[in-house]
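Q: This structure is in structure tokens; I'll ask about it shortly.
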Amino acid sequence: MTDTSLRYIGALTILFWGFQTELWWFAAPMVLIFEARFYLNRRWALTKQDFYRVADLTSIGLVGMVAFLFLNRQEYHFITTLLAWMPILVFPLMTVLAYSTTPRMPLDVLFYSLRRQQEPVQQSWDMDYVFLGACLLAAGLNRDGSYYYPIAAMIIFFLLFNLRSSRFPKPAVLLSMCLIFLSATALHTGIRTAHLGLKKQTELWIANWISQRTDPFKTRTAIGKVGRLKLSDAIAFRIKPESGRPDFPSTLMEAAYNTSSGVGWEVFDTRFSNVEQVDDFNWQFGNEEVRSNPISLYPQSKIYLEFDKERSLIPVPMEVVEIDELAAIDIATTLYGSIQGINLIPAPHYKVRYDDNIHLGSQAGPMDLEIPEEHRQTLSSIIEGSMSEQEALAFVQSFFADFRYTLFQDNQALAREPLKHFLLEGRAGHCEYFASATTLLLRHLGIPARYVVGYSVQEWNEDLQMYIVRQRHSHAWSIAYIGDRWIPVDTTPQQWLSLEEGQAGFLQPVWDFFGNNLFLFQLWWNDQSIEDYERELYTLGFLLVLILVWRIATSEQVILEDKEAESVATWILPGRESPFFMVEKHLEHLGFTRGSGELMTSWLLRIERPELLPLVGTHNRWRFDPHGISLEDKTWLAEQVSDWLGSNRQEDPVK
Amino acid sequence: MATLRERAFPTWTRLTTLSRRATRRNSDRGRLLQTGTVICGALGLDTDLSFAYQLFALLVCILIYSRLSLKFLLPEVSVRRHLPRYATAGEDFEYYISVFNDGERVERDLRVIDNPKIVPPDLAQFQRMREPGEETRNAYDRWLGFHRFVWLQKLNTGIALKTAGVPDIDLKGHADAAIGATPLRRGLVYFESTTILHPDPLGLNFGTIELDNSETLTVLPKRYAVSRRLEFQGGRHFQPGGVNSTWSIGESDEFVSLRDYRDGDPIRKIHWASSARREKPVVKEFQDEFFVRQALVIDNFPQTDAIFEEVISVSASLLTNMENMDGLMDLCLMTSRPEVITAGRGYAQTSQQLEALATIEQSNGSIREFEELLSERARLMSGCLFVFGEMDGDRELLIQSVEARGVPTAIFVVTPENDTKTYPQHYHLLPVSDVEAALGKL
């Protein structure tokens with residue numbers, strides 16, 4: 001019933017898996033349970049229903065594991081962790097099968113759909129091999145160690161060699177295994193090299209092709225693009241003000257740019273400088289005046305945003321005075337105020353404090369007044385001459401007052417000279433048009449200005465008591481340098497948010513509902529630690545073990561007949577420790593062979609050794625008396641035997 | 001939809017053939033390894049993630065080696081099949097295939113499988129019949145009907161066979177492989193060829209050698225045990241003396257005398273011992289005698305498939321049950337014309353009647369002609385058993401035509417499920433879903 005070809009090799013495979021995945025605590029008992037079946041002759045007569053139950057339990061375990069990995073997907077790699085744990089998940093099913101009277105796993109146990117089938121399911125799997133395969137695969141998920149391949153190959157070859165066909169001679173099979181090993185070595189080295197080459201090439205392509213808008217040095221706008229811009233309703237992040245009231249700067253900056261390159265914006269100085277860490281995961285900004293006040297005076301908000309890259313731009317209000325609990329080794333800023341996190345670790349949130357003044361970005365420089373040649377004429381046709389800063393600001397605001405906000409552009413003329421078309425003819429566009437045009441117009445009027453991208457923070461959710469920031473809330477605006485400070489200048493018509501809102505998908509409330517609840521659950525989940533539930537878990541585990549022991553003890557059992565053990569048992573004589581056997585052996589050595597079935601007494605008479613007859617009685621009682629014989633009798637027999645042997649040693653064998 | 005489905009049938013047949021071949025060519029281990037290769041391949045795409053790509057390379061090399069090695073050490077064998085004379089629908093049986101070693105080395109680790117002729121269903125059959133338990137399938141499966149197609153194809157093919165291992169065959173020797181078979185329906189099953197499967201060294205894949213080996217097996221209808229209490233007593237009847245039938249089973253005291261051979265006397269009436277003594281042919285003379293001659297009338301006029309199959313089974317069961325009664329049994333059925341097959345007393349044997357039942361189809365012949373035949377034969381009958389499917393006026397006329405001549409009758413009706421019709425008291429009603437129990441309780 002038990003396939004003994006798996007003895008030792010199965011245990012080795014499980015150990016290998018445990019070693020590779022560092023799941024020793026599971027591997028060790030698994031090896032014991034797996035191996036013990038070769039020595040234990042007890043089997044449980046389990047029914048289909050029992051198997052179904054264990055399979056269902058395994059499915060629940062699998063679903064639980066998937067859910068766990070999904071919730072902690074930042075900490076664990078989903079597929080690899082799931083596969084690494086797979087042997088543990090399947091093991092209960094394996095154990096039940098190994099210790100049952102069923103040799104193979106019927107498929108209806110594994111596949112729920114087959115259970116409804118009327119005719120009995122014929123197909124079955126040999127789960128041992130499936131399980132060992134899963135162990136081998138899981139062992140390969142750890143990328144440490146160069147011995148994985150030889151050990152895995154050895155295990156597979158050992159299994160296959162045991163099961164080989166008798167059609168082919170053994171040396172041929174061994175030789176072909178060597179060939180397979182060598183060719184597979186070449187193949188996997190080739191695969192690895194090819195993958196590395198391809199990866200390098202692909203990275204180059206991607207770097208060339210995709211330029212993301214959150215590049216700290218360069219941004220591309222959709223200016224000049226004809227057709228409808230479609231922005232996603234997906235929630236990008238959430239902000240919880242500490243005050244619990246909707247009280248937060250209206251914009252979050254991601255990056256600021258100072259050089260216009262036609263339809264895009266770039267930074268002139270691309271250097272990043274590290275910001276000194278005040279405390280663990282804490283950085284502070286602002287001038288002396290800000291620092292002179294206790295930091296706790298400033299309002300604080302929590303931003304729920306997880307970073308999935310090692311380096312990423314951190315959205316913060318431009319008025320930021322402190323960033324706290326940001327799980328990064330370092331942060332760096334550009335001259336223009338973009339903040340980049342370095343070696344970011346996934347964490348659910350970070351905190352910011354802020355006041356009313358912009359602190360990010362260097363003082364204005366000559367580059368902040370640069371206007372590209374192609375726009376000069378257009379700008380000159382709008383206004384010429386100089387005016388005071390306040391007048392200029394007022395002019396810009398009033399100039400854009402009758403512009404419209406639109407996400408749709410259909411005029412082909414726009415594609416050629418988009419900004420000119422926007423300023424002089426179309427007078428409608430989305431935020432990037434307004435921000436670009438405002439920045440250039442301010443510069444034209446002699447005010448240093450920069451182009452800023454980030455998010456508009458507007459949507460307050462009463463249930464969560466948080467701001468919700470969606471992908472489509474991404475925004476662009478200008479900052480102008482007036483009176484030695486940067487001030488935001490946002491000329492995009494205020495109705496842009498409601499217009500965008502109007503375009504939201506009709507299922508948005510549904511997605512929001514699920515998204516927000518999942519978010520709340522994750523918040524709760526992140527607050528939990530297994531230590532809080534230790535007592536409950538131990539109690540539950542103890543109860544389950546008790547139930548298991550009770551079920552194992554009370555269910556129907558079968559004792560396997562071990563033919564090997566049986567033949568040994570019949571071969572061993574009862575009372576074999578009786579010293580009289582030494583006499584028999586000695587006599588046989590002398591040549592007096594006892595015939596098969598010949599009684600001891602008749603043999604002794606035949607070979608004329610009547611002096612031994614008194615000993616035979618005690619010897620037989622030793623062997624066959626159900627009550628056994630006394631210690632005195634045993635000693636007496638031993639003495640008699642040694643006396644007799646002592647006096648007969650010298651006899652020569654019969655010729 | 002109908003034509004669309006009909007067009008799908010050849011594709012489905014090809015699909016099932018391909019799947020059958022693939023199943024044959026892979027061992028369980030081979031399938032496991034192939035699945036493992038696919039999984040490792042998928043996981044191994046990112047070689048930074050894991051070592052799965054190394055496992056993938058190893059498994060691919062093993063599979064390629066396994067395929068290539070099937071080209072070597074091909075077995076040189078021939079086969080002969082030993083089929084039993086009859087099999088019974090639904091009853092498992094075993095038959096043997098002798099595999100002869102024609103080659104130069106001992107053949108080891110071969111397997112053998114027989115290939116019955118695959119008969120796909122036609123649209124009419126597909127629309128008429130429902131797979132048992134089809135209602136438990138999901139809506140898509142029910143709509144597509146692929147499972148019904150597969151079931152019908154199996155049913156039409158008529159037999160389910162298992163692969164059998166062949167013991168080692170010595171040089172110039174042979175070995176017998178026992179094939180487990182389950183006939184799925186009555187009628188003829190055609191065997192086309194036999195396939196020899198030879199494994200690769202690692203036992204992952206099998207190479208196939210197909211050997212022509214056509215033969216036909218008659219599968220008799222399913223038969224049930226009939227209650228012992230069913231003792232159908234028709235009286236003895238006058239039968240003209242000296243009919244063939246009296247020779248073998250005739251009662252010994254009916255032997256009258258010996259007389260000289262006259263032209264036209266059947267050879268088997270010659271009493272050889274006396275002829276030898278007298279040196280001229282002498283024949284035995286018998287007294288005219290009386291014995292039982294019963295008729296079994298089968299209703300094979302159009303009716304539902306399931307009910308018709310049960311009618312056949314009930315008839316076969318009754319025939320077998322009456323087999324040892326001393327007398328004649330006339331099996332009356334309708335083909336293109338009314339037919340009678342007589343068994344007992346030196347005529348055909350019951351097995352031949354069963355053979356007729358194995359291949360009987362529903363007939364569109366005239367029920368009037370059949371009635372005439374019954375009226376005509378009624379004078380010979382001691383008793384008459386009717387087995388009906390669906391009852392109607394015409395069928396009742398058949399009963400009357402026999403009963404009017406004073407012949408005792410026993411009437412068995414296989415009734416459909418949820419049948420609301422009322423039947424005369426003396427009819428034996430056998431509900432189609434539970435014929436076996438009903439026959440046992442008669």
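In the structure tokens, chains take the letters A, B, ... in the order shown, each chain's residues start at 1, and ligands count up from 1 in the order shown.
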For chain B, report every residue with an atom at most 8 Å from chain A (counting only C-alpha atoms), formatted as a ChimeraX atom specification.
A: /B:28,32,36,40,46-58,60-62,65,107-109,133,136,199-203
Q: Next, write the just-selected residues to a file, as a compact mmCIF listing (two decimals), in the first residue's frame, keeping N, CA and C atoms as the atom set.
A:
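This went into result07.txt:
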# COMPACT_ATOMS: atom_id res chain seq x y z
N ASP B 28 0.86 8.73 -15.98
CA ASP B 28 0.50 9.71 -14.95
C ASP B 28 1.71 10.58 -14.62
N LEU B 32 2.21 14.57 -14.96
CA LEU B 32 2.63 15.40 -13.83
C LEU B 32 3.85 16.24 -14.22
N GLY B 36 4.17 20.20 -14.45
CA GLY B 36 5.25 20.85 -13.72
C GLY B 36 6.08 21.73 -14.64
N CYS B 40 6.64 25.62 -14.06
CA CYS B 40 8.01 26.14 -13.90
C CYS B 40 8.32 27.14 -15.00
N ASP B 46 10.72 35.07 -15.14
CA ASP B 46 11.57 36.05 -14.49
C ASP B 46 12.66 35.29 -13.75
N THR B 47 13.82 35.24 -14.35
CA THR B 47 14.89 34.43 -13.75
C THR B 47 15.47 35.10 -12.50
N ASP B 48 15.09 36.37 -12.27
CA ASP B 48 15.55 37.03 -11.05
C ASP B 48 14.75 36.57 -9.84
N LEU B 49 13.52 36.11 -10.15
CA LEU B 49 12.57 35.82 -9.07
C LEU B 49 12.90 34.53 -8.35
N SER B 50 13.25 33.49 -9.13
CA SER B 50 13.44 32.18 -8.51
C SER B 50 14.32 31.30 -9.40
N PHE B 51 14.59 30.09 -8.91
CA PHE B 51 15.34 29.12 -9.69
C PHE B 51 14.43 28.25 -10.53
N ALA B 52 13.15 28.64 -10.61
CA ALA B 52 12.19 27.80 -11.33
C ALA B 52 12.66 27.56 -12.76
N TYR B 53 13.38 28.50 -13.34
CA TYR B 53 13.83 28.33 -14.72
C TYR B 53 14.82 27.19 -14.84
N GLN B 54 15.56 26.92 -13.76
CA GLN B 54 16.50 25.78 -13.80
C GLN B 54 15.74 24.47 -13.81
N LEU B 55 14.69 24.44 -12.97
CA LEU B 55 13.84 23.25 -12.93
C LEU B 55 13.17 23.07 -14.29
N PHE B 56 12.74 24.20 -14.86
CA PHE B 56 12.09 24.18 -16.17
C PHE B 56 13.04 23.57 -17.20
N ALA B 57 14.29 24.03 -17.22
CA ALA B 57 15.27 23.51 -18.19
C ALA B 57 15.44 22.01 -18.03
N LEU B 58 15.51 21.58 -16.77
CA LEU B 58 15.71 20.16 -16.48
C LEU B 58 14.52 19.34 -16.99
N VAL B 60 12.27 20.16 -19.23
CA VAL B 60 12.17 20.20 -20.69
C VAL B 60 13.13 19.17 -21.28
N CYS B 61 14.36 19.13 -20.78
CA CYS B 61 15.33 18.17 -21.31
C CYS B 61 14.86 16.73 -21.08
N ILE B 62 14.29 16.49 -19.90
CA ILE B 62 13.80 15.13 -19.61
C ILE B 62 12.70 14.76 -20.61
N TYR B 65 14.11 14.17 -24.09
CA TYR B 65 14.81 12.89 -24.11
C TYR B 65 13.81 11.74 -24.17
N GLU B 107 10.85 -9.08 -24.91
CA GLU B 107 10.06 -7.84 -24.84
C GLU B 107 9.56 -7.65 -23.42
N ARG B 108 9.88 -6.51 -22.84
CA ARG B 108 9.46 -6.24 -21.47
C ARG B 108 8.62 -4.97 -21.41
N ASP B 109 7.84 -4.89 -20.36
CA ASP B 109 7.14 -3.66 -20.00
C ASP B 109 6.27 -3.10 -21.13
N GLY B 133 -28.23 12.14 -15.83
CA GLY B 133 -27.65 13.14 -14.92
C GLY B 133 -27.31 14.44 -15.62
N THR B 136 -27.83 17.80 -13.91
CA THR B 136 -26.93 18.31 -12.86
C THR B 136 -25.76 19.10 -13.45
N PRO B 199 6.99 1.92 -23.42
CA PRO B 199 7.39 3.12 -22.68
C PRO B 199 8.80 3.58 -23.03
N ASP B 200 9.08 4.85 -22.66
CA ASP B 200 10.46 5.33 -22.77
C ASP B 200 11.20 4.85 -21.51
N PRO B 201 12.50 5.04 -21.45
CA PRO B 201 13.25 4.50 -20.30
C PRO B 201 12.76 5.02 -18.95
N LEU B 202 12.24 6.26 -18.92
CA LEU B 202 11.85 6.82 -17.63
C LEU B 202 10.35 6.61 -17.35
N GLY B 203 9.67 5.95 -18.28
CA GLY B 203 8.26 5.64 -18.06
C GLY B 203 7.36 6.87 -18.08
Q: Report as a VMD selection string all protein, DNA and RNA residues lying within 8 Å of A:Ala449, evaluated on only C-alpha atoms, omitting residues in the same chain fewer than 6 positions from it.
A: chain A and resid 258 364 368 to 369 439 to 440 442 to 443 478 to 481
Q: Quick one: of B:Thr16, B:Ser313, B:Thr320, B:Ser336, who's nearest to B:Phe146, counting only C-alpha atoms?
A: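 Closest residue, counting only C-alpha atoms: B:Thr16.
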Q: Skip B:Thr88 itself and residues of its chain fewer than 2 positions away, then list as an NGL selection string all residues within 10 Å of it, counting only C-alpha atoms.
A: :B and (86 or 90-93 or 182-187 or 218-223 or 358)
Q: Write out as a ChimeraX atom specification which residues come within 12 Å of B:Phe206 when counting only C-alpha atoms, dropping same-chain ones fewer than 3 positions away.
A: /A:165 /B:21-31,63,66-72,74-75,109-112,195-203,209
Q: Output N, CA and C atoms of each residue in that selection to a file, as a tab-separated table (two decimals), in the first residue's frame.
A:
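Contents of out_22.tsv, freshly written:
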chain	number	residue	atom	x	y	z
A	165	SER	N	11.64	2.06	-16.73
A	165	SER	CA	11.08	0.90	-17.42
A	165	SER	C	12.13	-0.20	-17.53
B	21	ARG	N	-5.76	9.70	-27.72
B	21	ARG	CA	-4.38	9.37	-28.07
B	21	ARG	C	-3.41	9.96	-27.06
B	22	ALA	N	-3.67	11.23	-26.71
B	22	ALA	CA	-2.76	11.90	-25.78
B	22	ALA	C	-2.76	11.17	-24.44
B	23	THR	N	-3.96	10.75	-24.00
B	23	THR	CA	-4.06	10.05	-22.72
B	23	THR	C	-3.25	8.77	-22.77
B	24	ARG	N	-3.32	8.08	-23.90
B	24	ARG	CA	-2.59	6.83	-24.03
B	24	ARG	C	-1.10	7.03	-24.01
B	25	ARG	N	-0.66	8.12	-24.65
B	25	ARG	CA	0.77	8.30	-24.86
B	25	ARG	C	1.50	8.82	-23.63
B	26	ASN	N	0.74	9.25	-22.62
B	26	ASN	CA	1.41	9.76	-21.42
B	26	ASN	C	1.07	8.90	-20.23
B	27	SER	N	2.06	8.68	-19.40
B	27	SER	CA	1.75	8.02	-18.13
B	27	SER	C	1.37	9.11	-17.14
B	28	ASP	N	0.86	8.73	-15.98
B	28	ASP	CA	0.50	9.71	-14.95
B	28	ASP	C	1.71	10.58	-14.62
B	29	ARG	N	2.85	9.90	-14.48
B	29	ARG	CA	4.08	10.61	-14.15
B	29	ARG	C	4.42	11.62	-15.23
B	30	GLY	N	4.22	11.17	-16.50
B	30	GLY	CA	4.53	12.05	-17.62
B	30	GLY	C	3.65	13.29	-17.58
B	31	ARG	N	2.38	13.08	-17.28
B	31	ARG	CA	1.44	14.22	-17.21
B	31	ARG	C	1.85	15.16	-16.09
B	63	LEU	N	11.77	15.70	-20.84
B	63	LEU	CA	10.65	15.41	-21.75
B	63	LEU	C	11.14	15.19	-23.18
B	66	SER	N	12.76	11.90	-23.36
B	66	SER	CA	11.76	10.84	-23.28
B	66	SER	C	11.10	10.63	-24.64
B	67	ARG	N	10.80	11.73	-25.33
B	67	ARG	CA	10.19	11.63	-26.66
B	67	ARG	C	11.14	10.98	-27.66
B	68	LEU	N	12.38	11.45	-27.64
B	68	LEU	CA	13.35	10.95	-28.61
B	68	LEU	C	13.61	9.46	-28.43
B	69	SER	N	13.67	9.03	-27.17
B	69	SER	CA	14.04	7.64	-26.93
B	69	SER	C	12.94	6.67	-27.37
B	70	LEU	N	11.75	7.21	-27.66
B	70	LEU	CA	10.67	6.32	-28.13
B	70	LEU	C	10.96	5.79	-29.54
B	71	LYS	N	11.96	6.40	-30.21
B	71	LYS	CA	12.28	5.96	-31.56
B	71	LYS	C	13.19	4.71	-31.54
B	72	PHE	N	13.66	4.35	-30.36
B	72	PHE	CA	14.60	3.22	-30.27
B	72	PHE	C	13.96	2.01	-29.59
B	74	LEU	N	12.14	-0.43	-30.68
B	74	LEU	CA	10.72	-0.63	-30.95
B	74	LEU	C	10.39	-2.12	-30.85
B	75	PRO	N	9.27	-2.45	-30.25
B	75	PRO	CA	8.94	-3.88	-30.13
B	75	PRO	C	8.50	-4.45	-31.48
B	109	ASP	N	7.84	-4.89	-20.36
B	109	ASP	CA	7.14	-3.66	-20.00
B	109	ASP	C	6.27	-3.10	-21.13
B	110	LEU	N	5.60	-3.98	-21.86
B	110	LEU	CA	4.68	-3.50	-22.89
B	110	LEU	C	3.29	-3.39	-22.30
B	111	ARG	N	2.46	-2.60	-22.95
B	111	ARG	CA	1.06	-2.53	-22.55
B	111	ARG	C	0.24	-2.69	-23.83
B	112	VAL	N	-0.96	-3.12	-23.67
B	112	VAL	CA	-1.78	-3.33	-24.86
B	112	VAL	C	-3.16	-2.74	-24.63
B	195	THR	N	-3.54	-1.75	-30.19
B	195	THR	CA	-2.36	-0.89	-30.08
B	195	THR	C	-1.42	-1.41	-29.01
B	196	ILE	N	-0.16	-1.49	-29.37
B	196	ILE	CA	0.87	-1.87	-28.41
B	196	ILE	C	1.55	-0.59	-27.93
B	197	LEU	N	1.63	-0.41	-26.61
B	197	LEU	CA	2.27	0.77	-26.05
B	197	LEU	C	3.62	0.37	-25.47
B	198	HIS	N	4.66	1.07	-25.90
B	198	HIS	CA	5.99	0.77	-25.32
B	198	HIS	C	6.53	2.03	-24.66
B	199	PRO	N	6.99	1.92	-23.42
B	199	PRO	CA	7.39	3.12	-22.68
B	199	PRO	C	8.80	3.58	-23.03
B	200	ASP	N	9.08	4.85	-22.66
B	200	ASP	CA	10.46	5.33	-22.77
B	200	ASP	C	11.20	4.85	-21.51
B	201	PRO	N	12.50	5.04	-21.45
B	201	PRO	CA	13.25	4.50	-20.30
B	201	PRO	C	12.76	5.02	-18.95
B	202	LEU	N	12.24	6.26	-18.92
B	202	LEU	CA	11.85	6.82	-17.63
B	202	LEU	C	10.35	6.61	-17.35
B	203	GLY	N	9.67	5.95	-18.28
B	203	GLY	CA	8.26	5.64	-18.06
B	203	GLY	C	7.36	6.87	-18.08
B	209	ILE	N	2.20	1.35	-31.37
B	209	ILE	CA	2.26	0.58	-32.62
B	209	ILE	C	0.87	0.02	-32.82
